[in-house]
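> Dropping in start.txt, which is compact mmCIF, C-alpha atoms:
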# COMPACT_ATOMS: atom_id res chain seq x y z
CA MET A 4 61.84 -85.86 67.51
CA THR A 5 59.63 -88.29 65.70
CA ASP A 6 57.54 -90.66 67.84
CA LYS A 7 58.87 -94.19 68.12
CA THR A 8 57.27 -97.30 69.51
CA SER A 9 57.89 -97.82 73.21
CA ALA A 10 58.69 -101.23 74.63
CA ASN A 11 55.62 -100.81 76.81
CA SER A 12 53.22 -99.93 73.98
CA SER A 13 50.40 -102.22 72.92
CA PRO A 14 50.86 -104.56 69.93
CA VAL A 15 49.90 -102.89 66.67
CA GLY A 16 48.00 -106.02 65.63
CA ARG A 17 45.38 -105.73 68.38
CA ARG A 18 41.85 -105.24 67.00
CA THR A 19 40.24 -101.92 67.72
CA VAL A 20 37.45 -100.05 66.07
CA LEU A 21 36.36 -96.48 65.76
CA LEU A 22 32.63 -95.89 65.37
CA ALA A 23 30.87 -93.00 63.69
CA THR A 24 32.56 -89.80 64.85
CA GLY A 25 30.59 -87.74 67.34
CA ALA A 26 28.27 -90.59 68.34
CA THR A 27 27.18 -91.00 71.91
CA ALA A 28 26.33 -94.26 73.52
CA ALA A 29 22.66 -93.24 73.57
CA THR A 30 22.34 -95.05 70.24
CA LEU A 31 24.18 -98.13 71.48
CA ALA A 32 23.23 -101.07 73.64
CA VAL A 33 23.77 -100.34 77.32
CA GLY A 34 25.35 -102.76 79.68
CA ALA A 35 29.10 -102.76 80.27
CA ALA A 36 29.64 -103.84 83.88
CA ALA A 37 31.27 -101.44 86.35
CA SER A 38 34.77 -102.38 87.44
CA THR A 39 35.32 -99.92 90.29
CA ASP A 40 33.37 -97.54 92.50
CA ALA A 41 34.76 -94.12 91.62
CA PRO A 42 33.63 -90.78 90.19
CA THR A 43 33.17 -90.56 86.44
CA SER A 44 33.10 -87.68 83.99
CA GLN A 45 29.79 -85.95 83.55
CA ALA A 46 27.81 -86.37 80.32
CA ASP A 47 25.07 -84.00 79.28
CA SER A 48 22.10 -84.10 76.94
CA THR A 49 23.73 -81.80 74.39
CA ALA A 50 26.24 -84.39 73.15
CA PRO A 51 25.76 -85.24 69.43
CA VAL A 52 24.09 -88.53 68.51
CA ALA A 53 24.97 -90.52 65.40
CA ALA A 54 22.18 -91.81 63.17
CA ALA A 55 23.76 -95.27 63.17
CA ALA A 56 26.78 -96.99 64.66
CA VAL A 57 28.92 -98.74 62.05
CA CYS A 58 31.87 -100.65 63.45
CA THR A 59 35.08 -100.43 61.44
CA LEU A 60 38.31 -102.24 62.27
CA THR A 61 41.44 -100.12 62.49
CA LYS A 62 45.00 -100.37 63.72
CA GLU A 63 46.37 -98.80 66.87
CA MET A 64 48.96 -96.02 66.88
CA THR A 65 52.37 -95.92 68.51
CA GLU A 66 52.61 -94.86 72.16
CA GLY A 67 55.60 -92.66 71.39
CA PRO A 68 58.49 -91.74 73.72
CA TYR A 69 56.69 -89.33 76.07
CA TYR A 70 54.35 -91.48 78.16
CA LEU A 71 54.61 -91.22 81.95
CA ASP A 72 52.98 -93.64 84.40
CA GLY A 73 50.90 -92.59 87.37
CA GLN A 74 49.20 -89.45 86.08
CA TYR A 75 46.19 -87.82 87.76
CA VAL A 76 42.57 -88.85 87.27
CA ARG A 77 41.00 -85.44 86.57
CA ALA A 78 38.67 -83.84 84.04
CA ASP A 79 40.80 -80.73 83.41
CA ILE A 80 44.45 -81.29 82.51
CA SER A 81 45.28 -77.79 81.24
CA GLU A 82 46.93 -76.44 84.43
CA GLY A 83 46.66 -72.89 83.07
CA LYS A 84 48.88 -73.56 80.06
CA SER A 85 48.78 -71.00 77.27
CA GLY A 86 46.53 -71.97 74.36
CA ILE A 87 42.92 -72.00 73.21
CA PRO A 88 40.37 -74.28 74.92
CA LEU A 89 39.77 -77.82 73.68
CA LYS A 90 36.86 -79.73 75.18
CA LEU A 91 36.98 -83.43 74.32
CA THR A 92 34.05 -85.85 74.37
CA LEU A 93 35.37 -89.38 73.90
CA THR A 94 33.00 -92.36 73.90
CA VAL A 95 34.30 -95.89 74.49
CA VAL A 96 32.42 -98.98 73.32
CA ASP A 97 33.01 -102.71 72.95
CA ASP A 98 33.84 -103.54 69.34
CA ASP A 99 31.89 -106.81 69.31
CA THR A 100 28.65 -105.71 70.97
CA CYS A 101 28.82 -101.90 70.50
CA ALA A 102 27.88 -101.61 74.19
CA PRO A 103 29.40 -98.64 76.06
CA LEU A 104 32.16 -99.35 78.57
CA ASN A 105 31.36 -97.99 82.02
CA LYS A 106 34.23 -96.85 84.25
CA ALA A 107 36.94 -97.34 81.66
CA LEU A 108 39.81 -94.91 82.22
CA VAL A 109 40.46 -92.70 79.20
CA GLU A 110 43.94 -91.20 79.57
CA ILE A 111 45.50 -88.57 77.30
CA TRP A 112 48.76 -86.66 77.07
CA HIS A 113 50.10 -84.11 74.60
CA CYS A 114 52.54 -81.24 74.13
CA ASP A 115 51.83 -77.58 74.91
CA ALA A 116 51.71 -74.63 72.47
CA LEU A 117 55.52 -74.60 72.38
CA GLY A 118 55.66 -78.29 71.47
CA GLU A 119 56.98 -79.32 74.89
CA TYR A 120 55.80 -82.34 76.90
CA SER A 121 55.74 -82.20 80.68
CA GLY A 122 58.56 -84.32 82.03
CA PHE A 123 60.59 -83.67 78.88
CA VAL A 124 60.69 -79.87 78.59
CA GLY A 125 63.54 -78.68 76.38
CA ASN A 126 63.24 -81.39 73.75
CA ASN A 127 61.62 -78.90 71.35
CA GLY A 128 64.09 -76.14 72.12
CA HIS A 129 62.12 -74.09 74.66
CA ASN A 130 62.87 -73.29 78.29
CA GLU A 131 59.85 -73.30 80.63
CA PRO A 132 58.88 -74.72 84.04
CA ASP A 133 58.35 -78.49 84.04
CA ASN A 134 56.26 -80.11 86.77
CA GLY A 135 55.87 -83.45 85.00
CA THR A 136 52.06 -83.27 85.01
CA PHE A 137 50.76 -80.52 82.71
CA LEU A 138 48.56 -81.71 79.85
CA ARG A 139 48.43 -85.25 81.24
CA GLY A 140 45.62 -87.19 82.90
CA GLY A 141 42.29 -88.83 82.35
CA VAL A 142 38.81 -89.67 83.59
CA LEU A 143 36.55 -92.68 84.02
CA THR A 144 33.74 -93.08 81.52
CA ASP A 145 30.16 -92.81 82.71
CA ALA A 146 27.40 -95.39 82.16
CA SER A 147 27.08 -94.18 78.55
CA GLY A 148 30.77 -94.78 77.91
CA VAL A 149 31.50 -91.05 77.75
CA ALA A 150 34.66 -89.37 79.03
CA LYS A 151 34.86 -85.55 78.97
CA ILE A 152 38.27 -83.91 79.27
CA THR A 153 39.18 -80.23 79.13
CA THR A 154 42.60 -79.25 77.81
CA ILE A 155 44.14 -76.86 75.26
CA TYR A 156 44.57 -77.25 71.52
CA PRO A 157 48.06 -78.78 71.25
CA GLY A 158 51.09 -77.27 69.58
CA TRP A 159 53.65 -79.13 67.51
CA TYR A 160 57.20 -80.36 67.61
CA ARG A 161 59.69 -81.22 64.93
CA GLY A 162 58.67 -84.11 62.68
CA ARG A 163 55.05 -84.57 63.80
CA CYS A 164 51.69 -83.02 63.04
CA LEU A 165 49.48 -81.85 65.90
CA HIS A 166 48.17 -84.83 67.84
CA ILE A 167 47.08 -86.13 71.24
CA HIS A 168 48.06 -89.52 72.63
CA ILE A 169 45.36 -91.70 74.19
CA LYS A 170 45.09 -94.92 76.19
CA VAL A 171 42.02 -96.81 77.39
CA HIS A 172 42.33 -98.89 80.56
CA THR A 173 39.79 -101.03 82.42
CA ASN A 174 39.66 -102.29 86.01
CA VAL A 175 42.03 -99.64 87.32
CA THR A 176 42.36 -98.87 91.02
CA LEU A 177 42.23 -95.23 92.04
CA THR A 178 44.88 -94.18 94.54
CA SER A 179 44.74 -91.73 97.46
CA ASP A 180 47.02 -89.26 95.67
CA GLY A 181 44.53 -88.80 92.81
CA SER A 182 46.22 -91.17 90.40
CA PHE A 183 45.53 -94.78 89.40
CA THR A 184 47.26 -98.14 89.25
CA GLY A 185 46.79 -101.61 87.76
CA GLY A 186 44.08 -102.57 85.31
CA GLN A 187 44.22 -103.75 81.73
CA GLU A 188 45.29 -101.56 78.82
CA LEU A 189 42.84 -102.07 75.95
CA HIS A 190 43.90 -99.43 73.46
CA THR A 191 46.78 -97.11 72.60
CA GLY A 192 46.18 -94.55 69.88
CA GLN A 193 46.40 -90.94 68.81
CA LEU A 194 43.89 -88.18 68.10
CA PHE A 195 44.35 -85.91 65.09
CA PHE A 196 43.10 -82.51 63.94
CA ASP A 197 41.66 -81.07 60.74
CA GLU A 198 44.45 -79.26 58.91
CA THR A 199 42.30 -76.26 57.93
CA ILE A 200 41.50 -75.54 61.58
CA THR A 201 45.05 -76.22 62.72
CA ALA A 202 46.42 -73.71 60.20
CA LYS A 203 44.20 -71.00 61.73
CA VAL A 204 45.19 -71.96 65.28
CA ALA A 205 48.89 -71.89 64.37
CA ARG A 206 48.58 -68.20 63.46
CA LEU A 207 47.38 -67.21 66.94
CA SER A 208 49.93 -65.49 69.15
CA GLN A 209 50.12 -68.32 71.71
CA TYR A 210 51.20 -70.74 68.98
CA ALA A 211 53.10 -68.49 66.57
CA VAL A 212 55.91 -68.14 69.13
CA ASN A 213 56.75 -71.78 68.34
CA THR A 214 59.15 -71.31 65.43
CA VAL A 215 59.83 -75.02 64.89
CA PRO A 216 58.68 -75.99 61.36
CA ARG A 217 55.18 -77.48 61.47
CA THR A 218 54.47 -80.87 59.89
CA THR A 219 51.01 -80.99 58.30
CA LEU A 220 48.51 -83.81 58.69
CA ALA A 221 49.22 -85.00 55.14
CA GLN A 222 52.98 -85.01 55.79
CA ASP A 223 52.81 -86.89 59.09
CA SER A 224 54.58 -90.24 59.34
CA ILE A 225 52.03 -91.74 61.79
CA TYR A 226 48.61 -90.60 60.57
CA ASP A 227 47.53 -92.90 57.72
CA GLY A 228 44.69 -90.88 56.19
CA GLY A 229 42.01 -93.12 57.65
CA GLY A 230 39.81 -90.34 59.03
CA ALA A 231 37.82 -91.17 62.16
CA ARG A 232 39.00 -94.78 61.94
CA SER A 233 42.51 -93.50 62.58
CA GLY A 234 41.65 -90.96 65.28
CA LEU A 235 40.63 -87.85 63.33
CA LEU A 236 38.44 -85.77 65.63
CA THR A 237 35.24 -84.03 64.65
CA LEU A 238 35.86 -80.41 65.66
CA THR A 239 33.15 -77.86 66.44
CA ALA A 240 33.85 -74.18 67.14
CA LEU A 241 33.06 -73.01 70.68
CA GLY A 242 32.55 -69.43 69.52
CA SER A 243 32.71 -67.06 66.59
CA THR A 244 36.50 -66.73 66.62
CA THR A 245 39.35 -69.24 66.48
CA SER A 246 40.61 -68.06 69.87
CA ALA A 247 37.33 -69.20 71.49
CA GLY A 248 38.49 -72.79 71.05
CA TYR A 249 36.96 -76.03 69.86
CA ALA A 250 35.05 -79.08 71.00
CA GLY A 251 36.43 -82.39 69.74
CA ALA A 252 34.45 -85.65 69.57
CA LEU A 253 35.27 -89.25 68.69
CA THR A 254 33.80 -92.65 69.49
CA LEU A 255 36.41 -95.32 70.10
CA GLY A 256 35.69 -99.05 70.10
CA VAL A 257 38.06 -101.45 71.82
CA GLU A 258 38.58 -105.21 71.99
CA GLN A 259 37.87 -106.69 75.41
CA GLY A 260 39.47 -109.97 76.42
Please, can you express the file's structure as structure tokens?


Amino acid sequence: MTDKTSANSSPVGRRTVLLATGATAATLAVGAAASTDAPTSQADSTAPVAAAAVCTLTKEMTEGPYYLDGQYVRADISEGKSGIPLKLTLTVVDDDTCAPLNKALVEIWHCDALGEYSGFVGNNGHNEPDNGTFLRGGVLTDASGVAKITTIYPGWYRGRCLHIHIKVHTNVTLTSDGSFTGGQELHTGQLFFDETITAKVARLSQYAVNTVPRTTLAQDSIYDGGGARSGLLTLTALGSTTSAGYAGALTLGVEQG
């Protein structure tokens, strides 16, 4: 089940940039205007700060076949799924000015430890409950352009390395059911994981039950070896053991207008 471009995905030619991995907008010019009055994710003073922000142009990644509209705006998308914790800090900035984007919706979706996507359970050969929402959702960035999302380290499915899909939207309208509508989609991409860490995670019991052959980062047909420019996360251990989980950070620049 290799990802393929959806008819609704963004053009690959759109300009986007990824800035120095792990940067926060504290080093960037402040000033993206707010587009909606709604809660944002919480940033804290412990987030890493890059010594300098260096903008680098990069291509977008395919949306893939598993996107679902109308997911929840929420900071924790794990829904109790089996797997080790993954705490993401994603910073969104304007590629021309390097200014952080306030109240941009950062939306992610990915498979569980068995390689199954909510809404499509069974495609990787496993039978489990499917509510159409697990491991899907997003949050609005704060004034520093930061979105913090809690999930689990993803599993894998046939033909792809471990990855997380991501979209960045602006000017969305939050709905009474906890979802969102409208807005402008500025970026569609994917987040990737260091192969050395992934190999350790894959040996844990929650992931080892997935007997589908695992495609490595180097073997993947989508990841192009571009490092942070292509969505490779900076991963930091949350504890002394692999099972304690990881924090993942990336700064993403997008083209506005």

> Could you state the separation of atom CA of Ala78 of chain A and atom CA of Thr144 of chain A in Å, given to one decimal place?

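These two atoms are separated by 10.8 Å.
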
> Given the choices A:Thr94, A:Gly125, A:Gln187, A:Gly158, which gets closest to Ala146 of chain A if the distance is worked out from all atoms listed in the file?

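Looking at the shortest contact to Ala146 of chain A, the residue is A:Thr94.
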
> Taking only C-alpha atoms into account, name the residue in A:Gln259, A:Ser233, A:Ser81, A:Asn174 that is nearest to Thr153 of chain A.

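For Thr153 of chain A, the nearest of the given residues is A:Ser81.
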
> So that I can check the surroundings of Val96 of chain A, please list as a short mmCIF file (atom, residue, chain, number, x, y, z; two decimals) with C-alpha atoms, keeping the file's coordinate frame every protein, DNA and RNA residue that reaches within 8 Å of it, counting all atoms listed in the file and ignoring chain neighbours fewer than 2 positions away.


data_model
loop_
_atom_site.label_atom_id
_atom_site.label_comp_id
_atom_site.auth_asym_id
_atom_site.auth_seq_id
_atom_site.Cartn_x
_atom_site.Cartn_y
_atom_site.Cartn_z
CA ALA A 28 26.33 -94.26 73.52
CA THR A 94 33.00 -92.36 73.90
CA ASP A 98 33.84 -103.54 69.34
CA CYS A 101 28.82 -101.90 70.50
CA ALA A 102 27.88 -101.61 74.19
CA PRO A 103 29.40 -98.64 76.06
CA LEU A 104 32.16 -99.35 78.57
CA GLY A 148 30.77 -94.78 77.91
CA THR A 254 33.80 -92.65 69.49
CA LEU A 255 36.41 -95.32 70.10
CA GLY A 256 35.69 -99.05 70.10
CA VAL A 257 38.06 -101.45 71.82
#

> Could you check how far atom CA of Pro132 of chain A sits from atom CA of Thr65 of chain A, in Å to one decimal?

27.1 Å

> If I take atom CA of Gly118 of chain A and atom CA of Gln74 of chain A, how far is one from the other in Å, to one decimal?

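Result for atom CA of Gly118 of chain A versus atom CA of Gln74 of chain A: 19.5 Å, one decimal.
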
> What's around Phe196 of chain A at 9 Å? Count all atoms listed in the file, leave out sequence neighbours fewer than 4 positions away in its own chain, and write the answer as an MDAnalysis selection string.

chainID A and resid 164:166 200:201 220 234:238 251

> Determine the nearest neighbour of Pro88 of chain A from the options A:Ile155, A:Val109, A:Leu207, A:Ala202, counting all atoms listed in the file.

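Closest residue, counting all atoms listed in the file: A:Ile155.
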
> Go through A:Thr178, A:Ala116, A:Asp197, A:Asp223 one by one, measure the shortest atom-to-atom distance of each to Thr239 of chain A using all atoms listed in the file, and give the residue with the smallest value.

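The closest residue to Thr239 of chain A is A:Asp197.
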
> Using all atoms listed in the file, can you tell me which of A:Leu117, A:Glu82, A:Val142, A:Thr100 comes closest to Val175 of chain A?

A:Val142

> Under the rule that all atoms listed in the file are counted, which of A:Asn126, A:Ser182, A:Thr92, A:Ser243 is the nearest residue to Asp145 of chain A?

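Of the candidates, the smallest distance to Asp145 of chain A is held by A:Thr92.
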
> Taking the point (38.5, -84.0, 80.4) as given in the file, collect each protein or nucleic acid residue that comes within 10 Å of it, counting all atoms listed in the file, and present the set as a PyMOL selection string.

chain A and resi 44-45+76-81+89-93+109-111+140-143+150-154

> Residues near Leu71 of chain A, anyone? I mean within 10 Å using all atoms listed in the file, not counting same-chain ones fewer than 6 positions away, as an MDAnalysis selection string.

chainID A and resid 112 121:122 135:136 139:140

> Within 7 Å of Thr191 of chain A, counting only C-alpha atoms, which residues qualify if same-chain residues fewer than 4 places away don't, as a ChimeraX atom specification?

/A:13,63-64,66,169-171
